[in-house]
Amino acid sequence: MDSTTHYLQMWADSYRQDLIGNIMPFWLKHGLDSKHGGVYTCINRDGSLIDTTKSVWFQGRFGFIAAFAYNNVEKNAEWLAASKSCIDFIEKYCFDEDGRMYFEVKEDGTPLRKRRYVFSECFAAIAMSEYAIASGDCSYAEKALALFKRIRHFVATPGILEPKYLKALEAQGHSITMILINTASRIRAAIDDPVLSSQIDDSIMLLSKYFIHPEFKALLEMVGPNGEFIDTCNGRAINPGHCIETSWFLLEEAKYRNWDKKLVELAVTILDWSWEWGWDKEFGGIINFRDCRNLPCQDYSQDMKFWWPQTEAIIATLYAYQATADKKYLEMHKQISDWTYACFPDKEYGEWYGYLHRDGTVAQPAKGNIFKGPFHIPRMMIKGCMLCNELLSK
């Protein structure tokens, strides 16, 4: 067995064991709400509940993860039931009368907050589509597709989603562009429709035409309506983790298109640029924010290390190696994996910390809140296991 084969086999086994023996059991034990359905995510280090508020994002996110793990790692009936519990909770409590979804609800489903974004809808849609594959119930794929078409209507219709800024600043954001690629891709795995590939094409066009700025070697988070550079703190912001996540969404789509060369080139360019901006050469790990002019960042967490950019970099480097066979990406995978696994896993109570200082020390020890829960970490383990096994089977 050569060193590359040994390395990939080690990680394939590690991802699988960690998912089955650590991450999924932690959330099934501490997160699932057996009374009302769905999942809690405001969980302390030891698994105790610190807030009963439920993130609607995570009803969809864990609904997806539990079914995705069922489909690709192990046919565990408990995972399938957890996915169904989250989806049932979504359908019963999480939609407003206008067809849009809430952002936070009480444990019994009483609405608390609604935001101008459509991320709750996106995560609900991928949960339904993945559950359709897992359960064989095609009605959930049809629900996912109908919800996706509604999402596109919300995004495209002026007046439905409140603009982030007033008329004095017209802008468009990277986040909705990138999330629609992944949402459409996951739904397409369960049910095909021209609107899905059309959305992916549109998002790729927007990314390459407007958000990519070669003068900074960066993918920017916010640009003008026609890609204009906005020379403000927010307009100069680079979110390396977001950009790296986008790179693997594009690589996944390139793979679907028989490794479309232009798409691979776009994806690895984004990865290379974003790694250069994001990798902390002093302490290691992917940093939160950078300014494309190297001016001070506005965000107070700019030099912290959050859990999710690290997991996205782990997936992206494996995908880039699969796409190009360039061993530099395997070296990058080793860099990010060594640092991440040295700093984030909680060896005493299980699961991972979410928030570290720049030097890798723990900033706060909770395992979940409204934004951190069972999504990025288990998705990385599932995708990592799948990619390593695909590379080993070549």
# chains A, B, ... in the order shown; residues from 1 in each chain; ligands from 1
>>> select_by_dssp(residues="segment 119-313 of chain A", states="alpha helix (DSSP H)", output="ChimeraX atom specification")
/A:119-135,138-156,174-188,194-206,240-256,261-278,307-313
>>> residues_around(residues="Ser14 of chain A", least_positions_apart="2", cutoff="12 Å", atoms="only C-alpha atoms", output="ChimeraX atom specification")
/A:7-12,16-22,337,341,380-382,384-386,388-389
>>> write_last_selection(atoms="C-alpha atoms", output="short mmCIF file (atom, residue, chain, number, x, y, z; two decimals), in the first residue's frame")
data_model
loop_
_atom_site.label_atom_id
_atom_site.label_comp_id
_atom_site.auth_asym_id
_atom_site.auth_seq_id
_atom_site.Cartn_x
_atom_site.Cartn_y
_atom_site.Cartn_z
CA TYR A 7 -3.53 8.29 3.82
CA LEU A 8 -6.88 8.12 2.06
CA GLN A 9 -7.83 4.85 3.77
CA MET A 10 -6.95 6.31 7.15
CA TRP A 11 -9.22 9.29 6.61
CA ALA A 12 -12.06 7.24 5.07
CA ARG A 16 -16.90 7.03 9.16
CA GLN A 17 -16.02 6.07 12.72
CA ASP A 18 -16.26 9.64 13.97
CA LEU A 19 -19.66 10.14 12.37
CA ILE A 20 -21.12 6.85 13.62
CA GLY A 21 -19.46 6.80 17.03
CA ASN A 22 -19.33 10.46 18.00
CA SER A 337 -6.93 18.39 8.81
CA TYR A 341 -8.33 17.82 14.47
CA MET A 380 -17.70 16.99 6.05
CA MET A 381 -17.41 13.48 7.46
CA ILE A 382 -19.97 12.05 5.05
CA GLY A 384 -14.95 13.06 3.17
CA CYS A 385 -15.71 9.36 3.52
CA MET A 386 -17.38 9.29 0.10
CA CYS A 388 -11.78 9.08 -0.05
CA ASN A 389 -13.54 5.85 -1.00
#
>>> atom_distance(atom1="atom CA of Ser85 of chain A", atom2="atom CA of Gln310 of chain A")
29.0 Å
>>> closest_residue(among="A:Pro365, A:Gly136, A:Gly241, A:Pro163", to="Ile287 of chain A", atoms="only C-alpha atoms")
A:Gly241
>>> residues_around(residues="segment 87-101 of chain A", least_positions_apart="4", cutoff="6 Å", atoms="only C-alpha atoms", output="number ranges by chain")
A: 37-38, 109
>>> select_by_dssp(residues="segment 62-150 of chain A", states="strand (DSSP E or B)", output="list in words")
Phe95, Met101, Glu104, Val105, Pro111, Leu112 and Arg113 of chain A
>>> closest_residue(among="A:Lys106, A:Lys372, A:Arg61, A:His153", to="Asn44 of chain A", atoms="only C-alpha atoms")
A:Lys372
>>> closest_atom_pairs(of="segment 42-126 of chain A", to="segment 347-357 of chain A", cutoff="12 Å", atoms="only C-alpha atoms", output="Markdown table")
| residue | atom | partner | partner_atom | distance |
| --- | --- | --- | --- | --- |
| A:Ile43 | CA | A:Glu351 | CA | 10.9 |
| A:Asn44 | CA | A:Tyr353 | CA | 10.0 |
| A:Arg45 | CA | A:Tyr349 | CA | 6.9 |
| A:Asp46 | CA | A:Tyr349 | CA | 5.6 |
| A:Gly47 | CA | A:Tyr349 | CA | 7.9 |
| A:Ser48 | CA | A:Tyr349 | CA | 11.0 |
>>> closest_residue(among="A:Arg116, A:Lys143, A:Arg152, A:His213", to="Tyr165 of chain A", atoms="only C-alpha atoms")
A:Arg116
>>> atom_distance(atom1="atom CA of Val155 of chain A", atom2="atom CA of Tyr210 of chain A")
17.7 Å
>>> residues_around(residues="Ala171 of chain A", least_positions_apart="6", cutoff="8 Å", atoms="only C-alpha atoms", output="VMD selection string")
chain A and resid 165 222 to 225
>>> closest_residue(among="A:Asn226, A:Ser393, A:Thr52, A:Thr232", to="Gln298 of chain A", atoms="only C-alpha atoms")
A:Thr232
>>> residues_around(residues="Ala254 of chain A", least_positions_apart="2", cutoff="10 Å", atoms="only C-alpha atoms", output="list in words")
Trp248, Phe249, Leu250, Leu251, Glu252, Tyr256, Arg257, Asn258, Trp259, Asp260, Lys261, Lys262, Leu263, Val264, Glu265, Leu266, Ala267 and Ala323 of chain A
>>> write_last_selection(atoms="all heavy atoms", output="short mmCIF file (atom, residue, chain, number, x, y, z; two decimals), in the first residue's frame")
data_model
loop_
_atom_site.label_atom_id
_atom_site.label_comp_id
_atom_site.auth_asym_id
_atom_site.auth_seq_id
_atom_site.Cartn_x
_atom_site.Cartn_y
_atom_site.Cartn_z
N TRP A 248 -16.08 24.00 -3.65
CA TRP A 248 -16.43 22.58 -3.76
C TRP A 248 -17.83 22.38 -4.31
O TRP A 248 -18.11 21.33 -4.94
CB TRP A 248 -16.15 21.82 -2.48
CG TRP A 248 -17.07 21.86 -1.32
CD1 TRP A 248 -16.87 22.52 -0.15
CD2 TRP A 248 -18.31 21.13 -1.14
NE1 TRP A 248 -17.90 22.27 0.73
CE2 TRP A 248 -18.80 21.42 0.15
CE3 TRP A 248 -19.06 20.27 -1.96
CZ2 TRP A 248 -19.98 20.89 0.65
CZ3 TRP A 248 -20.24 19.75 -1.48
CH2 TRP A 248 -20.69 20.05 -0.20
N PHE A 249 -18.73 23.35 -4.11
CA PHE A 249 -20.01 23.27 -4.80
C PHE A 249 -19.79 23.22 -6.32
O PHE A 249 -20.44 22.47 -7.04
CB PHE A 249 -20.89 24.46 -4.46
CG PHE A 249 -21.45 24.49 -3.05
CD1 PHE A 249 -22.14 25.61 -2.60
CD2 PHE A 249 -21.30 23.41 -2.19
CE1 PHE A 249 -22.67 25.65 -1.32
CE2 PHE A 249 -21.82 23.45 -0.89
CZ PHE A 249 -22.51 24.57 -0.46
N LEU A 250 -18.86 24.06 -6.78
CA LEU A 250 -18.56 24.10 -8.22
C LEU A 250 -17.86 22.83 -8.68
O LEU A 250 -18.14 22.33 -9.78
CB LEU A 250 -17.69 25.32 -8.53
CG LEU A 250 -18.33 26.69 -8.33
CD1 LEU A 250 -17.31 27.80 -8.52
CD2 LEU A 250 -19.52 26.90 -9.26
N LEU A 251 -16.98 22.28 -7.86
CA LEU A 251 -16.31 21.03 -8.22
C LEU A 251 -17.31 19.88 -8.28
O LEU A 251 -17.21 19.00 -9.15
CB LEU A 251 -15.19 20.73 -7.23
CG LEU A 251 -13.93 21.59 -7.40
CD1 LEU A 251 -13.02 21.46 -6.20
CD2 LEU A 251 -13.19 21.23 -8.69
N GLU A 252 -18.27 19.88 -7.38
CA GLU A 252 -19.31 18.85 -7.40
C GLU A 252 -20.12 18.94 -8.70
O GLU A 252 -20.45 17.92 -9.31
CB GLU A 252 -20.21 19.02 -6.19
CG GLU A 252 -21.22 17.90 -6.00
CD GLU A 252 -21.88 17.96 -4.63
OE1 GLU A 252 -22.69 18.89 -4.41
OE2 GLU A 252 -21.59 17.09 -3.79
N TYR A 256 -20.42 16.33 -11.94
CA TYR A 256 -21.70 15.95 -12.53
C TYR A 256 -21.67 16.13 -14.05
O TYR A 256 -22.31 15.37 -14.80
CB TYR A 256 -22.81 16.80 -11.91
CG TYR A 256 -24.20 16.53 -12.44
CD1 TYR A 256 -24.95 15.46 -11.97
CD2 TYR A 256 -24.76 17.37 -13.41
CE1 TYR A 256 -26.24 15.22 -12.46
CE2 TYR A 256 -26.04 17.13 -13.90
CZ TYR A 256 -26.77 16.06 -13.43
OH TYR A 256 -28.04 15.83 -13.91
N ARG A 257 -20.91 17.12 -14.51
CA ARG A 257 -20.79 17.42 -15.94
C ARG A 257 -19.55 16.78 -16.55
O ARG A 257 -18.92 17.34 -17.45
CB ARG A 257 -20.77 18.94 -16.14
CG ARG A 257 -22.02 19.64 -15.60
CD ARG A 257 -21.99 21.14 -15.85
NE ARG A 257 -23.13 21.80 -15.22
CZ ARG A 257 -23.50 23.06 -15.45
NH1 ARG A 257 -22.80 23.81 -16.30
NH2 ARG A 257 -24.55 23.58 -14.83
N ASN A 258 -19.19 15.59 -16.03
CA ASN A 258 -18.03 14.84 -16.55
C ASN A 258 -16.74 15.65 -16.48
O ASN A 258 -15.95 15.68 -17.41
CB ASN A 258 -18.29 14.35 -17.98
CG ASN A 258 -19.45 13.38 -18.04
OD1 ASN A 258 -19.51 12.44 -17.25
ND2 ASN A 258 -20.39 13.62 -18.95
N TRP A 259 -16.56 16.30 -15.34
CA TRP A 259 -15.38 17.12 -15.06
C TRP A 259 -15.18 18.20 -16.12
O TRP A 259 -14.14 18.30 -16.75
CB TRP A 259 -14.13 16.25 -14.91
CG TRP A 259 -14.17 15.37 -13.70
CD1 TRP A 259 -14.18 14.01 -13.66
CD2 TRP A 259 -14.22 15.79 -12.32
NE1 TRP A 259 -14.24 13.54 -12.38
CE2 TRP A 259 -14.26 14.62 -11.52
CE3 TRP A 259 -14.23 17.03 -11.68
CZ2 TRP A 259 -14.31 14.66 -10.12
CZ3 TRP A 259 -14.29 17.07 -10.29
CH2 TRP A 259 -14.32 15.90 -9.54
N ASP A 260 -16.21 19.01 -16.27
CA ASP A 260 -16.15 20.18 -17.15
C ASP A 260 -14.90 21.01 -16.82
O ASP A 260 -14.72 21.49 -15.70
CB ASP A 260 -17.42 21.01 -16.94
CG ASP A 260 -17.45 22.26 -17.79
OD1 ASP A 260 -16.79 23.24 -17.41
OD2 ASP A 260 -18.16 22.26 -18.81
N LYS A 261 -14.03 21.19 -17.82
CA LYS A 261 -12.71 21.79 -17.57
C LYS A 261 -12.80 23.24 -17.12
O LYS A 261 -12.07 23.67 -16.22
CB LYS A 261 -11.85 21.68 -18.83
CG LYS A 261 -11.38 20.26 -19.12
CD LYS A 261 -10.48 20.20 -20.35
CE LYS A 261 -10.01 18.79 -20.61
NZ LYS A 261 -9.13 18.71 -21.82
N LYS A 262 -13.66 24.02 -17.73
CA LYS A 262 -13.79 25.43 -17.35
C LYS A 262 -14.30 25.58 -15.93
O LYS A 262 -13.87 26.47 -15.19
CB LYS A 262 -14.71 26.17 -18.34
CG LYS A 262 -14.07 26.41 -19.69
CD LYS A 262 -14.96 27.27 -20.57
CE LYS A 262 -14.29 27.58 -21.91
NZ LYS A 262 -15.17 28.41 -22.78
N LEU A 263 -15.22 24.71 -15.57
CA LEU A 263 -15.77 24.77 -14.22
C LEU A 263 -14.74 24.34 -13.18
O LEU A 263 -14.64 24.93 -12.10
CB LEU A 263 -17.03 23.89 -14.15
CG LEU A 263 -18.09 24.24 -13.10
CD1 LEU A 263 -18.39 25.73 -13.07
CD2 LEU A 263 -19.35 23.43 -13.37
N VAL A 264 -13.96 23.32 -13.51
CA VAL A 264 -12.87 22.91 -12.62
C VAL A 264 -11.87 24.05 -12.44
O VAL A 264 -11.44 24.36 -11.32
CB VAL A 264 -12.15 21.64 -13.15
CG1 VAL A 264 -10.86 21.39 -12.37
CG2 VAL A 264 -13.06 20.43 -13.07
N GLU A 265 -11.52 24.70 -13.54
CA GLU A 265 -10.56 25.81 -13.47
C GLU A 265 -11.09 26.95 -12.61
O GLU A 265 -10.36 27.51 -11.78
CB GLU A 265 -10.26 26.33 -14.88
CG GLU A 265 -9.21 27.43 -14.90
CD GLU A 265 -8.91 27.95 -16.30
OE1 GLU A 265 -9.38 27.33 -17.28
OE2 GLU A 265 -8.22 28.98 -16.40
N LEU A 266 -12.37 27.29 -12.78
CA LEU A 266 -12.98 28.34 -11.95
C LEU A 266 -12.94 27.94 -10.48
O LEU A 266 -12.57 28.74 -9.61
CB LEU A 266 -14.43 28.57 -12.39
CG LEU A 266 -15.26 29.56 -11.55
CD1 LEU A 266 -14.68 30.96 -11.61
CD2 LEU A 266 -16.72 29.56 -12.01
N ALA A 267 -13.30 26.69 -10.19
CA ALA A 267 -13.38 26.22 -8.81
C ALA A 267 -12.01 26.22 -8.13
O ALA A 267 -11.88 26.68 -6.98
CB ALA A 267 -13.98 24.83 -8.77
N ALA A 323 -10.32 16.15 -8.69
CA ALA A 323 -10.52 16.80 -9.99
C ALA A 323 -9.23 16.95 -10.78
O ALA A 323 -9.24 16.88 -12.02
CB ALA A 323 -11.16 18.17 -9.80
#
>>> closest_residue(among="A:Ile244, A:Ala320, A:His36, A:Ile315", to="Ile286 of chain A", atoms="only C-alpha atoms")
A:Ile244
>>> closest_residue(among="A:Ala363, A:Ile181, A:Ile270, A:Leu145", to="Phe306 of chain A", atoms="only C-alpha atoms")
A:Ala363
>>> residues_around(residues="Gly285 of chain A", least_positions_apart="6", cutoff="12 Å", atoms="only C-alpha atoms", output="PyMOL selection string")
chain A and resi 240-241+275-279+303-314+332-344+356-361
